[in-house]
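K.L.:
Here you go, this is upload20.pdb (PDB, C-alpha atoms).
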MODEL        1
ATOM      1  CA  MET A   1      53.975 -62.155  20.612  1.00  0.00           C
ATOM      2  CA  THR A   2      52.757 -60.104  17.627  1.00  0.00           C
ATOM      3  CA  GLU A   3      55.564 -58.638  15.568  1.00  0.00           C
ATOM      4  CA  PRO A   4      55.589 -54.798  15.799  1.00  0.00           C
ATOM      5  CA  MET A   5      55.033 -52.620  12.753  1.00  0.00           C
ATOM      6  CA  LYS A   6      58.064 -51.663  10.707  1.00  0.00           C
ATOM      7  CA  GLY A   7      58.881 -48.507   8.799  1.00  0.00           C
ATOM      8  CA  SER A   8      59.517 -50.012   5.367  1.00  0.00           C
ATOM      9  CA  ILE A   9      56.684 -48.261   3.520  1.00  0.00           C
ATOM     10  CA  PRO A  10      56.819 -44.798   5.164  1.00  0.00           C
ATOM     11  CA  VAL A  11      60.610 -44.800   4.925  1.00  0.00           C
ATOM     12  CA  SER A  12      60.686 -45.655   1.222  1.00  0.00           C
ATOM     13  CA  VAL A  13      58.061 -43.023   0.383  1.00  0.00           C
ATOM     14  CA  GLY A  14      59.651 -40.467   2.679  1.00  0.00           C
ATOM     15  CA  LEU A  15      63.123 -40.861   1.193  1.00  0.00           C
ATOM     16  CA  ALA A  16      61.734 -40.224  -2.289  1.00  0.00           C
ATOM     17  CA  SER A  17      60.504 -36.817  -1.115  1.00  0.00           C
ATOM     18  CA  TYR A  18      63.809 -35.902   0.499  1.00  0.00           C
ATOM     19  CA  LEU A  19      66.732 -37.292  -1.501  1.00  0.00           C
ATOM     20  CA  ARG A  20      68.359 -35.957  -4.652  1.00  0.00           C
ATOM     21  CA  ILE A  21      67.458 -38.470  -7.354  1.00  0.00           C
ATOM     22  CA  PRO A  22      70.166 -38.467 -10.062  1.00  0.00           C
ATOM     23  CA  ILE A  23      69.190 -38.048 -13.711  1.00  0.00           C
ATOM     24  CA  PRO A  24      71.660 -40.142 -15.758  1.00  0.00           C
ATOM     25  CA  GLY A  25      73.549 -38.492 -18.587  1.00  0.00           C
ATOM     26  CA  THR A  26      72.891 -34.909 -17.483  1.00  0.00           C
ATOM     27  CA  SER A  27      76.247 -33.965 -15.936  1.00  0.00           C
ATOM     28  CA  GLY A  28      75.065 -33.847 -12.341  1.00  0.00           C
ATOM     29  CA  LEU A  29      71.415 -32.844 -12.558  1.00  0.00           C
ATOM     30  CA  ALA A  30      69.018 -34.454 -10.102  1.00  0.00           C
ATOM     31  CA  ILE A  31      65.337 -34.387  -9.179  1.00  0.00           C
ATOM     32  CA  GLU A  32      64.547 -32.454  -6.015  1.00  0.00           C
ATOM     33  CA  LEU A  33      61.551 -30.894  -4.320  1.00  0.00           C
ATOM     34  CA  ASP A  34      63.534 -28.058  -2.735  1.00  0.00           C
ATOM     35  CA  ALA A  35      65.177 -25.023  -4.285  1.00  0.00           C
ATOM     36  CA  ARG A  36      68.955 -24.685  -4.196  1.00  0.00           C
ATOM     37  CA  GLY A  37      70.796 -21.396  -4.190  1.00  0.00           C
ATOM     38  CA  PHE A  38      67.528 -19.477  -3.796  1.00  0.00           C
ATOM     39  CA  LYS A  39      66.728 -17.112  -0.959  1.00  0.00           C
ATOM     40  CA  GLY A  40      63.115 -16.630   0.051  1.00  0.00           C
ATOM     41  CA  ASN A  41      59.988 -18.631  -0.753  1.00  0.00           C
ATOM     42  CA  SER A  42      60.096 -20.218  -4.186  1.00  0.00           C
ATOM     43  CA  THR A  43      56.934 -20.473  -6.289  1.00  0.00           C
ATOM     44  CA  CYS A  44      58.331 -23.645  -7.882  1.00  0.00           C
ATOM     45  CA  SER A  45      57.549 -27.158  -6.649  1.00  0.00           C
ATOM     46  CA  LEU A  46      59.762 -29.389  -8.815  1.00  0.00           C
ATOM     47  CA  PHE A  47      63.425 -28.946  -9.702  1.00  0.00           C
ATOM     48  CA  PHE A  48      65.924 -30.626 -12.011  1.00  0.00           C
ATOM     49  CA  HIS A  49      69.158 -28.952 -10.991  1.00  0.00           C
ATOM     50  CA  ASP A  50      72.764 -29.387  -9.980  1.00  0.00           C
ATOM     51  CA  LYS A  51      74.070 -29.114  -6.415  1.00  0.00           C
ATOM     52  CA  THR A  52      74.616 -25.375  -6.716  1.00  0.00           C
ATOM     53  CA  GLY A  53      71.210 -24.634  -8.185  1.00  0.00           C
ATOM     54  CA  LYS A  54      72.784 -22.565 -10.959  1.00  0.00           C
ATOM     55  CA  ARG A  55      71.815 -25.018 -13.712  1.00  0.00           C
ATOM     56  CA  THR A  56      68.139 -25.678 -13.324  1.00  0.00           C
ATOM     57  CA  LEU A  57      64.876 -26.590 -14.964  1.00  0.00           C
ATOM     58  CA  ARG A  58      62.054 -25.891 -12.544  1.00  0.00           C
ATOM     59  CA  LEU A  59      58.284 -26.077 -12.665  1.00  0.00           C
ATOM     60  CA  ASP A  60      56.726 -22.786 -11.635  1.00  0.00           C
ATOM     61  CA  TYR A  61      53.296 -21.318 -11.009  1.00  0.00           C
ATOM     62  CA  GLY A  62      53.346 -17.565 -11.193  1.00  0.00           C
ATOM     63  CA  TYR A  63      53.617 -14.607 -13.501  1.00  0.00           C
ATOM     64  CA  ASN A  64      54.906 -15.567 -16.928  1.00  0.00           C
ATOM     65  CA  LYS A  65      56.842 -12.826 -18.726  1.00  0.00           C
ATOM     66  CA  ASN A  66      56.128 -14.368 -22.122  1.00  0.00           C
ATOM     67  CA  THR A  67      52.359 -14.609 -21.811  1.00  0.00           C
ATOM     68  CA  LYS A  68      51.931 -11.657 -19.421  1.00  0.00           C
ATOM     69  CA  SER A  69      49.695 -13.822 -17.239  1.00  0.00           C
ATOM     70  CA  VAL A  70      49.810 -16.205 -14.261  1.00  0.00           C
ATOM     71  CA  ASN A  71      50.137 -19.852 -15.287  1.00  0.00           C
ATOM     72  CA  TYR A  72      52.090 -23.091 -14.940  1.00  0.00           C
ATOM     73  CA  HIS A  73      55.353 -22.871 -16.847  1.00  0.00           C
ATOM     74  CA  TRP A  74      58.975 -23.985 -16.916  1.00  0.00           C
ATOM     75  CA  ASN A  75      61.911 -21.830 -15.895  1.00  0.00           C
ATOM     76  CA  GLN A  76      65.150 -22.940 -17.489  1.00  0.00           C
ATOM     77  CA  LYS A  77      68.756 -21.920 -16.995  1.00  0.00           C
ATOM     78  CA  GLY A  78      71.770 -23.823 -18.291  1.00  0.00           C
ATOM     79  CA  THR A  79      70.042 -27.202 -18.721  1.00  0.00           C
ATOM     80  CA  ALA A  80      69.066 -27.090 -22.387  1.00  0.00           C
ATOM     81  CA  GLU A  81      72.216 -28.950 -23.432  1.00  0.00           C
ATOM     82  CA  ALA A  82      72.124 -31.481 -20.573  1.00  0.00           C
ATOM     83  CA  LEU A  83      68.468 -32.478 -20.931  1.00  0.00           C
ATOM     84  CA  PRO A  84      66.877 -33.752 -24.156  1.00  0.00           C
ATOM     85  CA  PHE A  85      63.740 -31.663 -23.615  1.00  0.00           C
ATOM     86  CA  GLN A  86      63.129 -28.884 -26.096  1.00  0.00           C
ATOM     87  CA  ILE A  87      62.039 -26.494 -23.360  1.00  0.00           C
ATOM     88  CA  LYS A  88      62.823 -22.798 -23.369  1.00  0.00           C
ATOM     89  CA  ASN A  89      62.581 -20.385 -20.497  1.00  0.00           C
ATOM     90  CA  HIS A  90      58.962 -19.589 -19.557  1.00  0.00           C
ATOM     91  CA  ASP A  91      57.476 -22.273 -21.851  1.00  0.00           C
ATOM     92  CA  LEU A  92      53.953 -23.262 -20.791  1.00  0.00           C
ATOM     93  CA  ALA A  93      53.655 -26.549 -18.882  1.00  0.00           C
ATOM     94  CA  GLY A  94      50.035 -27.321 -19.816  1.00  0.00           C
ATOM     95  CA  ARG A  95      47.645 -29.618 -17.974  1.00  0.00           C
ATOM     96  CA  SER A  96      50.272 -32.251 -17.316  1.00  0.00           C
ATOM     97  CA  GLY A  97      52.488 -29.592 -15.794  1.00  0.00           C
ATOM     98  CA  ALA A  98      49.671 -28.371 -13.556  1.00  0.00           C
ATOM     99  CA  PHE A  99      49.059 -31.927 -12.337  1.00  0.00           C
ATOM    100  CA  LEU A 100      52.778 -32.467 -11.783  1.00  0.00           C
ATOM    101  CA  TYR A 101      53.158 -29.165  -9.940  1.00  0.00           C
ATOM    102  CA  LYS A 102      50.377 -29.950  -7.474  1.00  0.00           C
ATOM    103  CA  GLY A 103      51.500 -33.552  -7.090  1.00  0.00           C
ATOM    104  CA  ALA A 104      55.079 -32.556  -6.291  1.00  0.00           C
ATOM    105  CA  LYS A 105      53.926 -29.919  -3.812  1.00  0.00           C
ATOM    106  CA  TYR A 106      51.698 -32.272  -1.821  1.00  0.00           C
ATOM    107  CA  PHE A 107      54.045 -35.246  -2.103  1.00  0.00           C
ATOM    108  CA  LYS A 108      56.858 -33.226  -0.530  1.00  0.00           C
ATOM    109  CA  TYR A 109      54.928 -32.664   2.697  1.00  0.00           C
ATOM    110  CA  LEU A 110      53.273 -36.084   2.738  1.00  0.00           C
ATOM    111  CA  GLY A 111      56.560 -37.885   2.138  1.00  0.00           C
ATOM    112  CA  ARG A 112      58.460 -36.021   4.816  1.00  0.00           C
ATOM    113  CA  SER A 113      55.684 -36.600   7.307  1.00  0.00           C
ATOM    114  CA  LEU A 114      55.899 -40.302   6.498  1.00  0.00           C
ATOM    115  CA  LEU A 115      59.657 -40.203   7.015  1.00  0.00           C
ATOM    116  CA  VAL A 116      59.024 -39.078  10.595  1.00  0.00           C
ATOM    117  CA  VAL A 117      56.418 -41.824  10.961  1.00  0.00           C
ATOM    118  CA  GLY A 118      58.934 -44.380   9.705  1.00  0.00           C
ATOM    119  CA  LEU A 119      61.542 -43.189  12.179  1.00  0.00           C
ATOM    120  CA  ALA A 120      59.058 -43.369  15.055  1.00  0.00           C
ATOM    121  CA  THR A 121      57.775 -46.772  13.976  1.00  0.00           C
ATOM    122  CA  ASP A 122      61.230 -48.284  13.758  1.00  0.00           C
ATOM    123  CA  GLY A 123      62.207 -46.668  17.032  1.00  0.00           C
ATOM    124  CA  TYR A 124      59.194 -48.263  18.706  1.00  0.00           C
ATOM    125  CA  SER A 125      60.007 -51.618  17.125  1.00  0.00           C
ATOM    126  CA  ILE A 126      63.409 -51.470  18.831  1.00  0.00           C
ATOM    127  CA  VAL A 127      61.910 -50.652  22.222  1.00  0.00           C
ATOM    128  CA  VAL A 128      59.444 -53.565  22.196  1.00  0.00           C
ATOM    129  CA  ALA A 129      61.738 -56.106  20.496  1.00  0.00           C
ATOM    130  CA  ASP A 130      62.767 -59.277  22.368  1.00  0.00           C
ATOM    131  CA  LYS A 131      66.334 -58.499  21.293  1.00  0.00           C
ATOM    132  CA  PRO A 132      66.689 -54.702  21.016  1.00  0.00           C
ATOM    133  CA  MET A 133      70.291 -54.861  19.779  1.00  0.00           C
ATOM    134  CA  ARG A 134      69.319 -57.281  17.014  1.00  0.00           C
ATOM    135  CA  ARG A 135      66.476 -55.012  15.943  1.00  0.00           C
ATOM    136  CA  SER A 136      68.723 -51.928  16.119  1.00  0.00           C
ATOM    137  CA  THR A 137      71.235 -53.591  13.808  1.00  0.00           C
ATOM    138  CA  ALA A 138      68.460 -54.497  11.388  1.00  0.00           C
ATOM    139  CA  VAL A 139      67.001 -50.970  11.401  1.00  0.00           C
ATOM    140  CA  VAL A 140      70.343 -49.245  10.782  1.00  0.00           C
ATOM    141  CA  SER A 141      71.118 -51.639   7.947  1.00  0.00           C
ATOM    142  CA  ALA A 142      67.595 -51.223   6.533  1.00  0.00           C
ATOM    143  CA  TRP A 143      67.774 -47.426   6.418  1.00  0.00           C
ATOM    144  CA  ALA A 144      71.233 -47.414   4.842  1.00  0.00           C
ATOM    145  CA  SER A 145      70.165 -49.890   2.151  1.00  0.00           C
ATOM    146  CA  ALA A 146      66.914 -48.005   1.555  1.00  0.00           C
ATOM    147  CA  TRP A 147      68.915 -44.836   0.886  1.00  0.00           C
ATOM    148  CA  VAL A 148      71.131 -46.625  -1.631  1.00  0.00           C
ATOM    149  CA  GLY A 149      68.219 -48.423  -3.292  1.00  0.00           C
ATOM    150  CA  CYS A 150      66.151 -45.264  -3.556  1.00  0.00           C
ATOM    151  CA  ARG A 151      68.863 -43.361  -5.394  1.00  0.00           C
ATOM    152  CA  ALA A 152      69.937 -46.274  -7.609  1.00  0.00           C
ATOM    153  CA  VAL A 153      66.509 -47.385  -8.832  1.00  0.00           C
ATOM    154  CA  GLY A 154      65.299 -43.795  -8.856  1.00  0.00           C
ATOM    155  CA  ALA A 155      68.088 -42.918 -11.278  1.00  0.00           C
ATOM    156  CA  LEU A 156      67.040 -45.777 -13.562  1.00  0.00           C
ATOM    157  CA  GLY A 157      63.430 -44.598 -13.475  1.00  0.00           C
ATOM    158  CA  ALA A 158      64.432 -41.005 -14.154  1.00  0.00           C
ATOM    159  CA  GLY A 159      66.593 -42.067 -17.090  1.00  0.00           C
ATOM    160  CA  ALA A 160      63.800 -44.124 -18.616  1.00  0.00           C
ATOM    161  CA  GLY A 161      61.225 -41.398 -18.024  1.00  0.00           C
ATOM    162  CA  THR A 162      63.403 -38.800 -19.721  1.00  0.00           C
ATOM    163  CA  LEU A 163      62.558 -40.453 -23.040  1.00  0.00           C
ATOM    164  CA  VAL A 164      58.960 -39.305 -22.508  1.00  0.00           C
ATOM    165  CA  GLY A 165      59.579 -35.792 -21.205  1.00  0.00           C
ATOM    166  CA  PRO A 166      60.084 -33.901 -17.951  1.00  0.00           C
ATOM    167  CA  GLU A 167      56.896 -35.387 -16.519  1.00  0.00           C
ATOM    168  CA  GLY A 168      58.258 -38.858 -17.210  1.00  0.00           C
ATOM    169  CA  THR A 169      61.575 -37.973 -15.594  1.00  0.00           C
ATOM    170  CA  ALA A 170      59.883 -36.834 -12.397  1.00  0.00           C
ATOM    171  CA  ILE A 171      57.376 -39.682 -12.140  1.00  0.00           C
ATOM    172  CA  GLY A 172      59.901 -42.342 -13.159  1.00  0.00           C
ATOM    173  CA  GLY A 173      62.514 -41.016 -10.761  1.00  0.00           C
ATOM    174  CA  VAL A 174      60.223 -40.711  -7.748  1.00  0.00           C
ATOM    175  CA  GLY A 175      58.447 -43.988  -8.473  1.00  0.00           C
ATOM    176  CA  GLY A 176      61.749 -45.807  -8.924  1.00  0.00           C
ATOM    177  CA  CYS A 177      63.062 -44.282  -5.720  1.00  0.00           C
ATOM    178  CA  ILE A 178      60.061 -45.592  -3.758  1.00  0.00           C
ATOM    179  CA  VAL A 179      60.433 -49.091  -5.207  1.00  0.00           C
ATOM    180  CA  GLY A 180      64.202 -49.119  -4.713  1.00  0.00           C
ATOM    181  CA  GLY A 181      63.876 -47.751  -1.196  1.00  0.00           C
ATOM    182  CA  TYR A 182      61.383 -50.425  -0.208  1.00  0.00           C
ATOM    183  CA  ALA A 183      63.458 -53.234  -1.712  1.00  0.00           C
ATOM    184  CA  GLY A 184      66.612 -51.822  -0.139  1.00  0.00           C
ATOM    185  CA  TYR A 185      64.950 -51.571   3.259  1.00  0.00           C
ATOM    186  CA  LYS A 186      63.849 -55.206   3.177  1.00  0.00           C
ATOM    187  CA  ALA A 187      67.215 -56.458   1.959  1.00  0.00           C
ATOM    188  CA  GLY A 188      69.119 -54.375   4.495  1.00  0.00           C
ATOM    189  CA  GLU A 189      66.852 -55.463   7.321  1.00  0.00           C
ATOM    190  CA  GLN A 190      67.426 -59.136   6.551  1.00  0.00           C
ATOM    191  CA  ALA A 191      71.156 -58.600   6.130  1.00  0.00           C
ATOM    192  CA  GLY A 192      71.358 -56.840   9.494  1.00  0.00           C
ATOM    193  CA  GLU A 193      69.561 -59.698  11.216  1.00  0.00           C
ATOM    194  CA  VAL A 194      71.817 -62.293   9.591  1.00  0.00           C
ATOM    195  CA  VAL A 195      74.971 -60.429  10.592  1.00  0.00           C
ATOM    196  CA  TYR A 196      73.760 -60.019  14.175  1.00  0.00           C
ATOM    197  CA  ASP A 197      72.782 -63.692  14.473  1.00  0.00           C
ATOM    198  CA  TRP A 198      76.133 -64.758  13.042  1.00  0.00           C
ATOM    199  CA  ALA A 199      78.048 -62.578  15.496  1.00  0.00           C
ATOM    200  CA  GLU A 200      75.909 -63.715  18.435  1.00  0.00           C
ATOM    201  CA  ASP A 201      76.299 -67.414  17.660  1.00  0.00           C
ATOM    202  CA  THR A 202      80.001 -67.242  16.869  1.00  0.00           C
ATOM    203  CA  VAL A 203      82.469 -68.001  19.629  1.00  0.00           C
ATOM    204  CA  PHE A 204      85.784 -66.236  19.258  1.00  0.00           C
ATOM    205  CA  ARG A 205      88.710 -67.965  20.940  1.00  0.00           C
ATOM    206  CA  GLN A 206      91.960 -66.256  21.714  1.00  0.00           C
ATOM    207  CA  ILE A 207      94.938 -67.746  19.919  1.00  0.00           C
ATOM    208  CA  PRO A 208      97.430 -68.941  22.530  1.00  0.00           C
ATOM    209  CA  THR A 209     100.770 -67.225  22.382  1.00  0.00           C
ATOM    210  CA  SER A 210     103.886 -69.381  22.224  1.00  0.00           C
ATOM    211  CA  PRO A 211     106.796 -68.683  24.573  1.00  0.00           C
ATOM    212  CA  THR A 212     109.774 -66.889  23.122  1.00  0.00           C
ATOM    213  CA  PRO A 213     112.807 -69.097  22.334  1.00  0.00           C
ATOM    214  CA  PHE A 214     114.948 -67.166  24.798  1.00  0.00           C
ATOM    215  CA  GLY A 215     112.658 -67.652  27.772  1.00  0.00           C
ATOM    216  CA  HIS A 216     110.680 -65.064  29.683  1.00  0.00           C
ATOM    217  CA  HIS A 217     111.892 -61.558  30.344  1.00  0.00           C
TER
ENDMDL
END
Just give me the structure of the file as structure tokens.

P.N.:
Amino acid sequence: MTEPMKGSIPVSVGLASYLRIPIPGTSGLAIELDARGFKGNSTCSLFFHDKTGKRTLRLDYGYNKNTKSVNYHWNQKGTAEALPFQIKNHDLAGRSGAFLYKGAKYFKYLGRSLLVVGLATDGYSIVVADKPMRRSTAVVSAWASAWVGCRAVGALGAGAGTLVGPEGTAIGGVGGCIVGGYAGYKAGEQAGEVVYDWAEDTVFRQIPTSPTPFGHH
């Protein structure tokens, strides 16, 4: 029987578009593709901000108060001390910023679509598996490990990329998250299978109870 497809690749890519990827040494800032603490439709596509959204460096395309024109630029609030970038509010992002803005925008929707594909693929793999419970254990373990791996390796990538600039932080963080998510998925999947096989093949015997010294009551 041919082994069914698994969700390792779509899951690892999808998680990178959904999770908060920590940026080391920034007092709680993380890479995200969604706005926090903002009502309405944001014109930004990439965010380095804390959980409240009050401290943020975000990549925007819209009207720039400094240049009096529409362009790609950075909006900054409360992150100048946490991040090593010499970026002021409304500083131009340039060509690299334009590329990053579009990439983040499209990756958000592509990644989250792939996350659904990964869920459906793994769900189907459980249905057609010879041992559905074994496959279920492997899938749950795989997703949990992918989540951990994505954040851990993503943080390393973001930290390394920060030495280059905000573009490096974003690319390093997302790229590291994909790699860590894939590795975590594979490791978790194997671990889940091993644990299930161990439990299935292990015979648990009840320890006999000894009679009380004073007889039965």

K.L.:
Quick one: pull the distance between atom CA of Val174 of chain A and atom CA of Ser8 of chain A, Å, one decimal.

P.N.:
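Atom CA of Val174 of chain A sits 16.1 Å away from atom CA of Ser8 of chain A.
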
K.L.:
Name the residues captured by the PyMOL selection byres ((chain A and resi 115) around 12) when it is applied to the shown file; answer as number ranges by chain.

P.N.:
A: 7-19, 107-114, 116-122, 143, 146, 181

K.L.:
Would you work out the distance separating atom CA of Glu189 of chain A from atom CA of Ser136 of chain A, expressed in Å to one decimal?

P.N.:
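It comes out at 9.7 Å.
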
K.L.:
Which residue out of A:Asp60, A:Val140, A:Glu32, A:Gly165 has the minimum interatomic distance to Ile87 of chain A when all atoms listed in the file are used?

P.N.:
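Of A:Asp60, A:Val140, A:Glu32, A:Gly165, the one nearest Ile87 of chain A, counting all atoms listed in the file, is A:Gly165.
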
K.L.:
Between A:Val194, A:Leu57, A:Val148, A:Ala187, which residue has the minimum interatomic distance to Ile31 of chain A, considering only C-alpha atoms?

P.N.:
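Under the stated criterion, the closest residue is A:Leu57.
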
K.L.:
For the structure provided, state which residues fall under the PyMOL selection byres ((chain A and resi 98) around 9), and present them as an mmCIF file with C-alpha atoms, in the coordinates of the input.

P.N.:
data_model
loop_
_atom_site.group_PDB
_atom_site.id
_atom_site.type_symbol
_atom_site.label_atom_id
_atom_site.label_comp_id
_atom_site.auth_asym_id
_atom_site.auth_seq_id
_atom_site.Cartn_x
_atom_site.Cartn_y
_atom_site.Cartn_z
ATOM 1 C CA LEU A 59 58.284 -26.077 -12.665
ATOM 2 C CA TYR A 61 53.296 -21.318 -11.009
ATOM 3 C CA ASN A 71 50.137 -19.852 -15.287
ATOM 4 C CA TYR A 72 52.090 -23.091 -14.940
ATOM 5 C CA HIS A 73 55.353 -22.871 -16.847
ATOM 6 C CA ALA A 93 53.655 -26.549 -18.882
ATOM 7 C CA GLY A 94 50.035 -27.321 -19.816
ATOM 8 C CA ARG A 95 47.645 -29.618 -17.974
ATOM 9 C CA SER A 96 50.272 -32.251 -17.316
ATOM 10 C CA GLY A 97 52.488 -29.592 -15.794
ATOM 11 C CA PHE A 99 49.059 -31.927 -12.337
ATOM 12 C CA LEU A 100 52.778 -32.467 -11.783
ATOM 13 C CA TYR A 101 53.158 -29.165 -9.940
ATOM 14 C CA LYS A 102 50.377 -29.950 -7.474
ATOM 15 C CA GLY A 103 51.500 -33.552 -7.090
#

K.L.:
Evaluating the PyMOL selection byres ((chain A and resi 89-91) around 8) on the displayed file yields which residues, as a list in words?

P.N.:
Asn64, Lys65, Asn66, His73, Trp74, Asn75, Gln76, Lys77, Ile87, Lys88, Leu92 and Ala93 of chain A

K.L.:
Calculated over only C-alpha atoms, which of the candidates A:Met5, A:Val128, A:Ala104, A:Ile21 has the smallest distance to Gly173 of chain A?

P.N.:
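Nearest to Gly173 of chain A: A:Ile21.
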
K.L.:
Which is closer to Ala82 of chain A than all the others in A:Ala152, A:Ala199, A:Ala183, A:Ala30, using all atoms listed in the file?

P.N.:
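Residue with the minimum atom-to-atom distance to Ala82 of chain A: A:Ala30.
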
K.L.:
Under the rule that only C-alpha atoms are counted, which of A:Lys105, A:Lys6, A:Lys51, A:Lys68 is the nearest residue to Tyr124 of chain A?

P.N.:
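Between A:Lys105, A:Lys6, A:Lys51, A:Lys68, the residue approaching Tyr124 of chain A most closely is A:Lys6.
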
K.L.:
Need the shell around Gly53 of chain A: protein/DNA/RNA residues with any atom at most 6 Å away, counting all atoms listed in the file. Skip same-chain ones fewer than 2 positions apart. Format as a CSV table (one decimal) with C-alpha atoms, keeping the file's coordinate frame?

P.N.:
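Saved the output as part_25.csv:
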chain,number,residue,atom,x,y,z
A,36,ARG,CA,69.0,-24.7,-4.2
A,37,GLY,CA,70.8,-21.4,-4.2
A,49,HIS,CA,69.2,-29.0,-11.0
A,50,ASP,CA,72.8,-29.4,-10.0
A,51,LYS,CA,74.1,-29.1,-6.4
A,55,ARG,CA,71.8,-25.0,-13.7

K.L.:
Measure the distance from atom CA of Arg135 of chain A to atom CA of Asp197 of chain A in Å and round it to one decimal.

P.N.:
10.8 Å

K.L.:
Counting only C-alpha atoms, which residue out of A:Val139, A:Ala170, A:Gly176, A:Gly188 sits closest to Arg151 of chain A?

P.N.:
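Among the listed residues, A:Gly176 lies closest to Arg151 of chain A.
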
K.L.:
Can you tell me, as JSON, the centre and edge lengths (Å, one decimal) of the axis-aligned box enclosing all of segment 90-97 of chain A's listed atoms after padding each side by 4 Å?

P.N.:
{"center_x": 53.3, "center_y": -25.9, "center_z": -18.8, "size_x": 19.3, "size_y": 20.7, "size_z": 14.1}

K.L.:
Just the residues within 10 Å of Thr169 of chain A, please, counting all atoms listed in the file, with nothing from its chain fewer than 5 positions along; format it as an MDAnalysis selection string.

P.N.:
chainID A and resid 23 30:31 48 154:164 174:175

K.L.:
Start from the incomplete input, build N, CA, C and O atoms for segment 65-78 of chain A, and deliver everything as an mmCIF file, in the coordinates of the input.

P.N.:
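Here's the written file selection_28.cif:
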data_model
loop_
_atom_site.group_PDB
_atom_site.id
_atom_site.type_symbol
_atom_site.label_atom_id
_atom_site.label_comp_id
_atom_site.auth_asym_id
_atom_site.auth_seq_id
_atom_site.Cartn_x
_atom_site.Cartn_y
_atom_site.Cartn_z
ATOM 1 N N LYS A 65 56.465 -14.004 -17.950
ATOM 2 C CA LYS A 65 56.842 -12.826 -18.726
ATOM 3 C C LYS A 65 56.454 -12.941 -20.197
ATOM 4 O O LYS A 65 56.189 -11.940 -20.863
ATOM 5 N N ASN A 66 56.445 -14.187 -20.699
ATOM 6 C CA ASN A 66 56.128 -14.368 -22.122
ATOM 7 C C ASN A 66 54.651 -14.159 -22.423
ATOM 8 O O ASN A 66 54.292 -13.568 -23.435
ATOM 9 N N THR A 67 53.801 -14.681 -21.559
ATOM 10 C CA THR A 67 52.359 -14.609 -21.811
ATOM 11 C C THR A 67 51.703 -13.430 -21.101
ATOM 12 O O THR A 67 50.517 -13.158 -21.337
ATOM 13 N N LYS A 68 52.460 -12.781 -20.208
ATOM 14 C CA LYS A 68 51.931 -11.657 -19.421
ATOM 15 C C LYS A 68 50.720 -12.090 -18.591
ATOM 16 O O LYS A 68 49.757 -11.341 -18.424
ATOM 17 N N SER A 69 50.789 -13.309 -18.062
ATOM 18 C CA SER A 69 49.695 -13.822 -17.239
ATOM 19 C C SER A 69 50.260 -14.821 -16.225
ATOM 20 O O SER A 69 51.416 -15.243 -16.320
ATOM 21 N N VAL A 70 49.422 -15.222 -15.274
ATOM 22 C CA VAL A 70 49.810 -16.205 -14.261
ATOM 23 C C VAL A 70 49.444 -17.599 -14.762
ATOM 24 O O VAL A 70 48.284 -17.840 -15.119
ATOM 25 N N ASN A 71 50.405 -18.501 -14.802
ATOM 26 C CA ASN A 71 50.137 -19.852 -15.287
ATOM 27 C C ASN A 71 51.242 -20.800 -14.834
ATOM 28 O O ASN A 71 52.210 -20.395 -14.188
ATOM 29 N N TYR A 72 51.057 -22.078 -15.204
ATOM 30 C CA TYR A 72 52.090 -23.091 -14.940
ATOM 31 C C TYR A 72 53.067 -23.076 -16.100
ATOM 32 O O TYR A 72 52.672 -23.208 -17.264
ATOM 33 N N HIS A 73 54.354 -22.944 -15.786
ATOM 34 C CA HIS A 73 55.353 -22.871 -16.847
ATOM 35 C C HIS A 73 56.705 -23.355 -16.319
ATOM 36 O O HIS A 73 56.894 -23.567 -15.120
ATOM 37 N N TRP A 74 57.631 -23.528 -17.257
ATOM 38 C CA TRP A 74 58.975 -23.985 -16.916
ATOM 39 C C TRP A 74 59.942 -22.819 -16.923
ATOM 40 O O TRP A 74 59.908 -21.980 -17.820
ATOM 41 N N ASN A 75 60.805 -22.773 -15.917
ATOM 42 C CA ASN A 75 61.911 -21.830 -15.895
ATOM 43 C C ASN A 75 63.196 -22.616 -16.134
ATOM 44 O O ASN A 75 63.452 -23.605 -15.442
ATOM 45 N N GLN A 76 63.976 -22.175 -17.084
ATOM 46 C CA GLN A 76 65.150 -22.940 -17.489
ATOM 47 C C GLN A 76 66.387 -22.062 -17.489
ATOM 48 O O GLN A 76 66.357 -20.922 -17.937
ATOM 49 N N LYS A 77 67.487 -22.625 -16.974
ATOM 50 C CA LYS A 77 68.756 -21.920 -16.995
ATOM 51 C C LYS A 77 69.902 -22.925 -17.047
ATOM 52 O O LYS A 77 70.121 -23.669 -16.097
ATOM 53 N N GLY A 78 70.573 -22.998 -18.159
ATOM 54 C CA GLY A 78 71.770 -23.823 -18.291
ATOM 55 C C GLY A 78 71.533 -25.321 -18.386
ATOM 56 O O GLY A 78 72.484 -26.096 -18.240
#
